[in-house]
Every structure is written in structure tokens, then in C-alpha cells.
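Working notes, beginning with the structure itself.
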Amino acid sequence: MAPPSCPMHSRNRNYKAEFASCRLEAVPLEFGDYHPLKPITVTESKTKKVNRKGSTSSTSSSSSSSMVDPLSSVLDGTDPLSMFAATADPVALAAATDSSRRKRDRDDNSVVGSDFEPWANKRGEILARYTTTEKLSINLFMGSEKGKAGTATLAMSEKVRTRLEELDDFEEGSQKELLNLTQQDYVNRIEELNQSLKDAWASDQKVKALKIVIQCSKLLSDTSVIQFYPSKFVLITDILDTFGKLVYERIFSMCVDNRSVLPDHFSPENANDTAKETCLNWFFKIASIRELIPRFYVEASILKCNKFLSKTGISECLPRLTCMIRGIGDPLVSVYARAYLCRVGMEVAPHLKETLNKNFFDFLLTFKQIHGDTVQNQLVVQGVELPSYLPLYPPAMDWIFQCISYHAPEVTASVLTWGSVSCSALLLNSVMSAFRAEFIATRSMDFIGMIKECDESGFPKVASPFRSLGLNLALADPPESDRLQILNEAWKVITKLKNSQDYINCAEVWVEYTCKHFTKREVNTVLADVIKHMTPDRAFEDSYPQLQLIIKKVIAYFHDFSVLFSVEKFLPFLDMFQKESVRVEVCKCIMDAFIKHQQEPTKDPVILNALLHVCKTMHDSVNALTLEDEKRMLSYLINGFIKMVSFGRDFEQQLSFYVESRSMFCNLEPVLVQLIHSVNRLAMETRKLMKGNHSRKTAAFVRACVAYCFITIPSLAGIFTRLNLYLHSGQVALANQCLSQADAFFKAAISLIPEVPKMINIDGKMRPSESFLLEFLCNFFSTLLIVPDHPEHGVLFLVRELLNVIQDYTWEDNSDEKIRIYTCVLHLLSAMSQETYLYHIDKVDSNDSLYGGDSKFLAENNKLCETVMAQILEHLKALAKDEALKRQSSLGLSFFNSILAHGDLRNNKLNQLSVNLWHLAQRHGCADTRTMVKTLEYIKKQSKQPDMTHLTELALRLPLQTRT
């Protein structure tokens, strides 16, 4: 290998010619030639093995010019699913088909559309709303255990008699009462009973399963803890639903044998005698239940099973069950019984509206019982006031009204609605909750009149009905001529509400109606009224969710933020959010809406002052415990605001805004980074707009921008963030002819390199930093090519300082990044030795212009090349160890390619060095043969160029070693 003093001797480059040689060659495409969208013709080769006497095998091939579709094979029956089906067990396939058919039968019979809200959607809300802290109890009628041994050997008639005796024994058996249960204990016990029901059914203990269902149904007659009754109803009816499903599927399975399968929509004629007899047996057993409530609920749970007996069975049972409910004296128990009957009725026969309507009118007749002595005495015993009792009804009432209003004709709906007018605000509220929003909206004035006429002690006659009316008006528009009158009439009543929670529950809904149909004047009036009601006694502290909804609704309709912030009471409304976490969430909603809807940059002082206040609120919430994700989100929102602020050509005002923002948002590093980029962009815009008119004022402004960045960058924590910003800001300063400032940025970057740690945090994980440092330095070298030398410093003073830092930096023991950096330095020095550089900056004289190819400059350049090459060669020698030979080969070939690209190989020493490096790369068999071959081919191709003929001799001296 050549001695370390071997100079680089860079070759002269003709960049224009090189660019021209790298361009793609244009090839004319004649009609009918290859086109990328033309179908591809594939030649398919088929090989057959032919066994012949005296030979092992022979092959014959045939070709086809037809296009082969790789997906077409699935059509010949050989796809994986077809193969699986062909080998599957026929019995298992039949069972699977039967199961899917039963599922489809159940699905097809659900004739209620998707526009009908299912009971499952209401279940969770009821359980969450109706809770209690009182102790609960469960009465368990366990029955005796006699007669259970030897039942497997009994005759059929004896088995039936034994089961009936067990059922009677259950009625007369022992009683066990679980007392002092908490609400959670009660729920757990009910869930255990549900599981016991499934276990009993699975073990073929059908009578035990029926006992469990009867036992649970009896609990629905207990109103001892009346506040919990709606949740109890939900839990018990879950068990009833499970029982009804098990019975139906059991009978359905009896109708299916190996010879026939029930059609999708079967009739009683399709059911066999065994299924019908079993179905009748279930109804007879249930009919023998003595108590009304369990008999009603259990029969209602298997109502669907009437399909196996008669086409008119369901239509006959529904009126009878409706009449049974009349025997229930407690109005609360009866209304939930009607709700359950309406639920199962909608599942099996939603078209039978007469039964649903009958339940509705029966309920209206019995509703007056709540004022009777029986109910009033019960409430006194439990210490429950009427305002706490009446809200127990809406879940059942809402469901009943939803069922009767579903696809009901307008005439029927009107009759049902007016039938409840004289009853109570409670009923009216349920009506407005259940009927279609369009039906309510077109009759808004009528409903307002009904609400005013309602006189119901104990129920918030105004708050809930007006809230329900407002919810309907948010979904459907009333007649345009009535809109203002509706708002005036409604708000006249709402504003008089004394209870702050009743008031805010109504106001929150009606704010949307106001924003939707009126201007900022009406919205301002509504917000002022909310502030007036919620400020005394700090009532807003208990209503943050509703107040947040008001803000969201306002900004959802006011996308013009100049209009929004001109609403006088909007910012005072924000002041009610005293809790920091809530206030920050509200500010985030506002900023998110601004980023989403603000189309054009703004300089409106109203918007700027308001959003600066909002962003400051978000920024000031950051502390040492704030999560990184939260900081990232806040930074994104604040940066979105900063990007949308523009003062046009008033650059000084724009810079003043950035200065103010820096002082306000100093704790969020991504915001500071954005500000630095914005200021750099501002400096470049100034240069572009003032091109040819560089006055002192313009120069001073640009220097102010540069100073802003130079002062701000050191406050950042991320070291690579600082390095890259120093480089970028130096490039901007250079582009604006601020040469001394550019030197300051580059010197700051060089002095920061020794502080780069060995490991850095990337997305929460510690990673080596050397690859990031290499990337930065490569970008830095590209910039240094055009940086002119300072007249008071030596030649290439920035390059020398950078090399000193790289030399002193502590690199990893097994790292080659230092040598890769030195190789990049050689590329830089080679480019600097050219008569004309590859690129320039307008109005900045680079070293090619300053030195003009001066021999002293080139000599200094060559000295640096010798020093760098010496470092590279020394490192290559140090890699002559078994464990490092592969690295030595890779680096040697890389260095060879650098010399080939940038060196003048007519120099004998450099030529010999390249040959030595070629042999070094192959010495221990570690080189990639394919890469070596391609490299040699490239050299031979280049040797055919007029000024590269000397490479012909070099190619002859570069043998390719073969591996043996």
C-alpha cells in the first residue's frame, strides 16, 4: 500500500458533461411495441415424467402462448377451501349447515329495521343510572331434594309425574332469604343464577332451570328498595331472555332430523309432533305457576315458541298477556311488565300494533294510581319523595312509546300523543323522547303549549320536557316561521328555572338550536344568560360537562373565528372553566377547530389576542409530570396557530409576533423549533421580495431574524435539533449575504459536536448516535463547499476546525463511522479543488471565485487531503485482524471507489494506491464478487471516454480473484 504521504491529486471535473451523461436515453416507441398496460404473454412450460424401460426418467415440455392468470386456479376446484370441504366429515358439515341455517332463520325473522334502537343500547344506561346504597335481599325458594334418585330408570309417565311433583314441591318447599346484600353482591348473585340456569339446562335438568326462572321472576314483585327497581328489571329480564332462547332452540332442534330441515320461514305444519308436544308441555308447566307475576314473565319469555303450535298463537297470546298485567296493583311493577311484553312483542310480531296501543292506553288509565294511598304510603315507609320516585318510570315508558311510535302512521301518532296531554309532564317527556324528531319539530309550538299546561308536582315539568323538545329540534328543523317564537317561548321558561342543574341541562341543548338558526346576537344573549345563572355560588363547578358541550356546539357552527371572538360573552364564558384540566381541554377543542376550519392566514387582532390567550393557557399547563404525548399534542395545536398568522409584507410586525410567541411558549421545544423555522422562512421571504432593493433597513431586519435564531437555538434540549438548526440558520444567513453571522452559526455547530452523547433517546428508546452524526456532517460538508474563507483566518479554516473536532471525538471501538466521515471530507476537498464549483449562492463569492485556482490554495487543499488519507490508511491497517477482515474489505473497496470517482489516476502514486486497495478488498475472500465485477465493468466502460483512456491500463492491473 502507498505511503501515507500520497496526495489525493483530484481530477478536474466537467459537471455539465457528467450531468448530460447521466440523463436517461429517450427511446422512440413505435405503435404495437411494448406498453406497460398491455397484457403480458407468458410461455407456460409443462413437464411430464415418462417412465420407460431401461431409463430412469425423461421429460417432455409443451408451451402455450395464452395468458396465465395466477388467480384462475381457484376456479377449478383446487382452492384450499374446496379441498378442505372435499375431505371434511359429512356429519360435521351437516351440523355446520344446520347451525348456520338456524342462525339465518333467527336473523330473517327479525323484521325490525336498523332504525329501531335495540334494548341492548338502553341496558347499560339504566344500570349506571339507577343505583342504591341500601341493603338488598333475595328470597330463594329452594324446594326439597326428594325423588331425585333413580329418575333415569323411570318410565315416561312416571318421569312426567315426578317432574310435576318437583314443581309442586318447589312451590311448597323451604325458603331461604339472603339479607344485607350490597348492590354489587346482588348483581353477582343474579349473574350466578343466570349461570346456574345455563348449567342446569346443559345437564338436562329442565325442571331445575324452570325453578330458577320462576324464582328470579318473583323478585320483580319486590319493591322494597324502590330506587333500584329499574336495574333489577334489567338483570332479571336478562335471565328470562336466556331461558326463552334455550327453550326455543331446544324445540327447534327437535324439528330437524336427517331427512328434513326447517325452511327459513317455517309454519306450524313444518314442525313434527315431538316438537309440538314438547312445546305444549312447556306452556302447561308455566300455566301451573300459581303467582301472577312469575307466570306472566315466564310465558312472555317463551312467546316465540307459539310459532310451533299455531299461526295465530302469538296474536292470541299478546292480548291475553296484556290483560294479565291489569292484575298487577303496583303501577311501577305493571309499567315494567308492559315494557317487557312490548319488547318480546316487537321481537316476534312488530306488526301487531293493536296490542302495543292497548298497553299504552291501559298504562294511561292506571298511571293515576301513583297519587293513590297505596303508593304514597309505600313511599313514606321507604322515605322516598315523589321527585325521586317519578324518574323511575321513564325507562319503561320510553320503551313502550318507542315501540308504538315505530313506523306508526301520522294519525295514530297524533291520537296517542294527544291522549297523554292531560296526564303529566312525565308522560309528555317520554312521548317527545320516543317519537320521530320530524313529527315533534313540525308541532313544536303545540308541544310548548302542552308543557306550559302540565301541572305535575314532584317532576321537573319544564326542565325535562323542554330538554327533550330541544333534542328533537337539534335533529329536525321546525317551520321557519316559528323558529324565533319557539326560541323566545322556550327561553322565557328556561331562564326562570331556579335549580342550576335543571337550567344547564336545558340550556346546553337549546344552545345548539340557537347556533343553528340564528346569528351571533342571539348566541351572545344565550351565553350571557348562562353566565348569569351559573356564576352565583360557583354553580359552574358542578356543570363542567354541560358547559364543555356548549363550547363545542358554538364552535361547531361558527367557523369564522373573527365572528366567534366578536361574540362579547364568549371569552367571559371561558373564564367559568376554573379547573385547569377542564380549561385545557376546552382550549384544545377551540384550537383544533381553528386548525381544521381556518382556511386563510390571518392577522385579525381580535383572533390573535384571543388565540394567544388560549394557547398560553395550554402552554402554562405543562409541568414536570406532563406526558410526552400531551406535550406533543399541545405543541401541534400551538404550531398550527403560529403557521396561520401572517402580516403580509409587514415583516417587522411578523417578527414581533414571533418574539412575543417565544416568550409565551418557552416550555415547549417543538414550538420553539417551529418559531425558528418560521423566522428563517421570514428572512428568505424578505430576501425574495426585496430582491434588487437591499436597503440598510432590509439588511438590518435580516440580521434581526438571524439574531433571533442564534439566541433561541441554545435553549433547546435536543442536541441534534440544535445542530440541524445551526446548520439551517447558517444557510439562511449565507443566502442573505450575512457572512459573519453564517460563520457564527457554523462555528457554534462545530463547537457543539464534542457534546454529542454516544446514545440518544429516539421515541423512548436509546439508540447509538454515530449514524445521526454522520448524516449531519455529510450535510454540513455540502454547505462548507460554498462558504467563503474569512479574510482574517487561514485557508479553509472551518474545514480545519471541523477536522480537529472529528479527530478528538471519542468514537466507539468497533466503529468505522470516523473513516466514512473522512471519506466524505475527501469528496469535499476534491470539489473544492475544482476551477468552478458545482453550485453557488447568488451574490456570495465562494472560494473558487476568491482564490481563482491559486496554487497556494490548491497546495493547502492537497495537504489536508494527505492528512485525511493518512488517517484512513492507518485505520485500514488496524483492521488486519481476523474479526475485522470483513470491515477492512468493505472500507477498502469504498475508499477505492472514492479515489476512482474523485482522484486523478494518471498520478502514479494514486494509481498504485488504488491497485493496492483493490487487492486489499479481495485479499481474504471477504469481498462481494458481484460488486467487484460490476465495478470492473464500470472502469472498462469509462476507459472508452476520450479523457479517461488511462483507465484501460488500470483495468488490466485489477484482477478478479476466484474463490476455491
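Just so we're on the same page: first chain in the C-alpha cells is A, next is B, and so on; residues restart at 1 for each chain, and ligands are numbered from 1 in the order they show up.
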### Task
Give me the residues within 8 Å of range 819-831 of chain A as a PyMOL selection string, counting only C-alpha atoms and dropping any in the same chain fewer than 4 places off.
chain A and resi 10-11+774+777-778+781-782+785+837-838+861+864-865+868-869+871-872+875+895+898+902-903
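When the distance limit is 10 Å and only C-alpha atoms are what count, the residues near Pro479 in chain A, minus those fewer than 4 positions from it on the same chain, are Ala441, Thr442, Arg443, Ser444, Met445, Arg483 and Ile486 of chain A.
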Writer output for current selection, C-alpha atoms, as a short mmCIF file (atom, residue, chain, number, x, y, z; two decimals), in the first residue's frame:
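selection-v1.cif written:
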```cif
data_model
loop_
_atom_site.label_atom_id
_atom_site.label_comp_id
_atom_site.auth_asym_id
_atom_site.auth_seq_id
_atom_site.Cartn_x
_atom_site.Cartn_y
_atom_site.Cartn_z
CA ALA A 441 -90.39 19.53 15.25
CA THR A 442 -93.35 20.29 12.98
CA ARG A 443 -95.57 20.61 16.08
CA SER A 444 -93.11 22.46 18.31
CA MET A 445 -95.49 25.28 19.24
CA ARG A 483 -88.27 29.40 14.81
CA ILE A 486 -90.07 28.86 19.60
#
```
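Separating CA of Tyr389 in chain A from CA of Gln227 in chain A is a distance of 7.3 Å.
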### Neighbour list for Asn194 in chain A as number ranges by chain, cut-off 7 Å, only C-alpha atoms, skip fewer than 4 positions in-chain
A: 190, 198, 239
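Of the listed residues (A:Leu682, A:Ile138, A:Met618, A:Ala880), A:Met618 comes nearest to Phe665 in chain A; the distances count only C-alpha atoms.
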### Message
Give me, as a list in words, all polymer residues having an atom no more than 7 Å from range 754-767 of chain A, counting only C-alpha atoms and skipping those fewer than 4 positions away in the same chain.
### Response
Ile719, Val805 and Tyr809 of chain A
### Task
Do a neighbour search on range 573-576 of chain A at 7 Å with only C-alpha atoms, toss out local chain neighbours closer than 2 positions, and write the hits as a ChimeraX atom specification.
/A:527,531,540,569-571,578
### Close residues, Pro465 in chain A itself excluded, 7 Å, only C-alpha atoms, min 6 positions apart in chain, as an MDAnalysis selection string
chainID A and resid 425 428:429 451
Selection above as a file: N, CA and C atoms, as a PDB file, in the first residue's frame:
```
ATOM      1  N   ALA A 425     -96.310  15.930  32.825  1.00  0.00           N
ATOM      2  CA  ALA A 425     -95.082  16.267  32.123  1.00  0.00           C
ATOM      3  C   ALA A 425     -94.205  15.033  31.940  1.00  0.00           C
ATOM      4  N   LEU A 428     -95.483  13.343  28.820  1.00  0.00           N
ATOM      5  CA  LEU A 428     -95.172  14.174  27.665  1.00  0.00           C
ATOM      6  C   LEU A 428     -93.692  14.099  27.320  1.00  0.00           C
ATOM      7  N   ASN A 429     -92.850  14.053  28.345  1.00  0.00           N
ATOM      8  CA  ASN A 429     -91.414  13.939  28.119  1.00  0.00           C
ATOM      9  C   ASN A 429     -91.074  12.632  27.425  1.00  0.00           C
ATOM     10  N   ILE A 451     -96.508  21.720  27.393  1.00  0.00           N
ATOM     11  CA  ILE A 451     -95.581  21.748  28.530  1.00  0.00           C
ATOM     12  C   ILE A 451     -96.016  22.796  29.545  1.00  0.00           C
TER      13      ILE A 451
END
```
### Message
Just want the 7 Å neighbourhood of range 724-727 of chain A, counted on only C-alpha atoms, with same-chain residues fewer than 6 positions away dropped. Output as a list in words.
### Response
Phe745, Phe746, Ala749 and Phe780 of chain A
### Query
Quick one: DSSP strand (DSSP E or B) residues in range 611-791 of chain A, as a PyMOL selection string?
chain A and resi 645+759-762+765-768
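Restricting the calculation to only C-alpha atoms, the smallest distance between Val225 in chain A and any of A:Leu672, A:Val493, A:Leu392, A:Ala463 is found for A:Leu392.
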### Task
List every residue of range 413-512 of chain A that DSSP, applied to the backbone, labels as alpha helix (DSSP H), and write the result as an MDAnalysis selection string.
chainID A and resid 413:419 425:434 437:441 444:453 463:475 483:494 500:512
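Residue nearest Asn14 in chain A within the list A:Thr836, A:Ile841, A:Trp491, A:Lys603: A:Thr836 [criterion: smallest interatomic distance, only C-alpha atoms].
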## Note on the structure
Taken to one decimal, the CA of Arg887 in chain A-CA of Arg800 in chain A distance is 27.6 Å
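In this structure, CA of Pro319 in chain A sits 24.5 Å away from CA of Leu246 in chain A.
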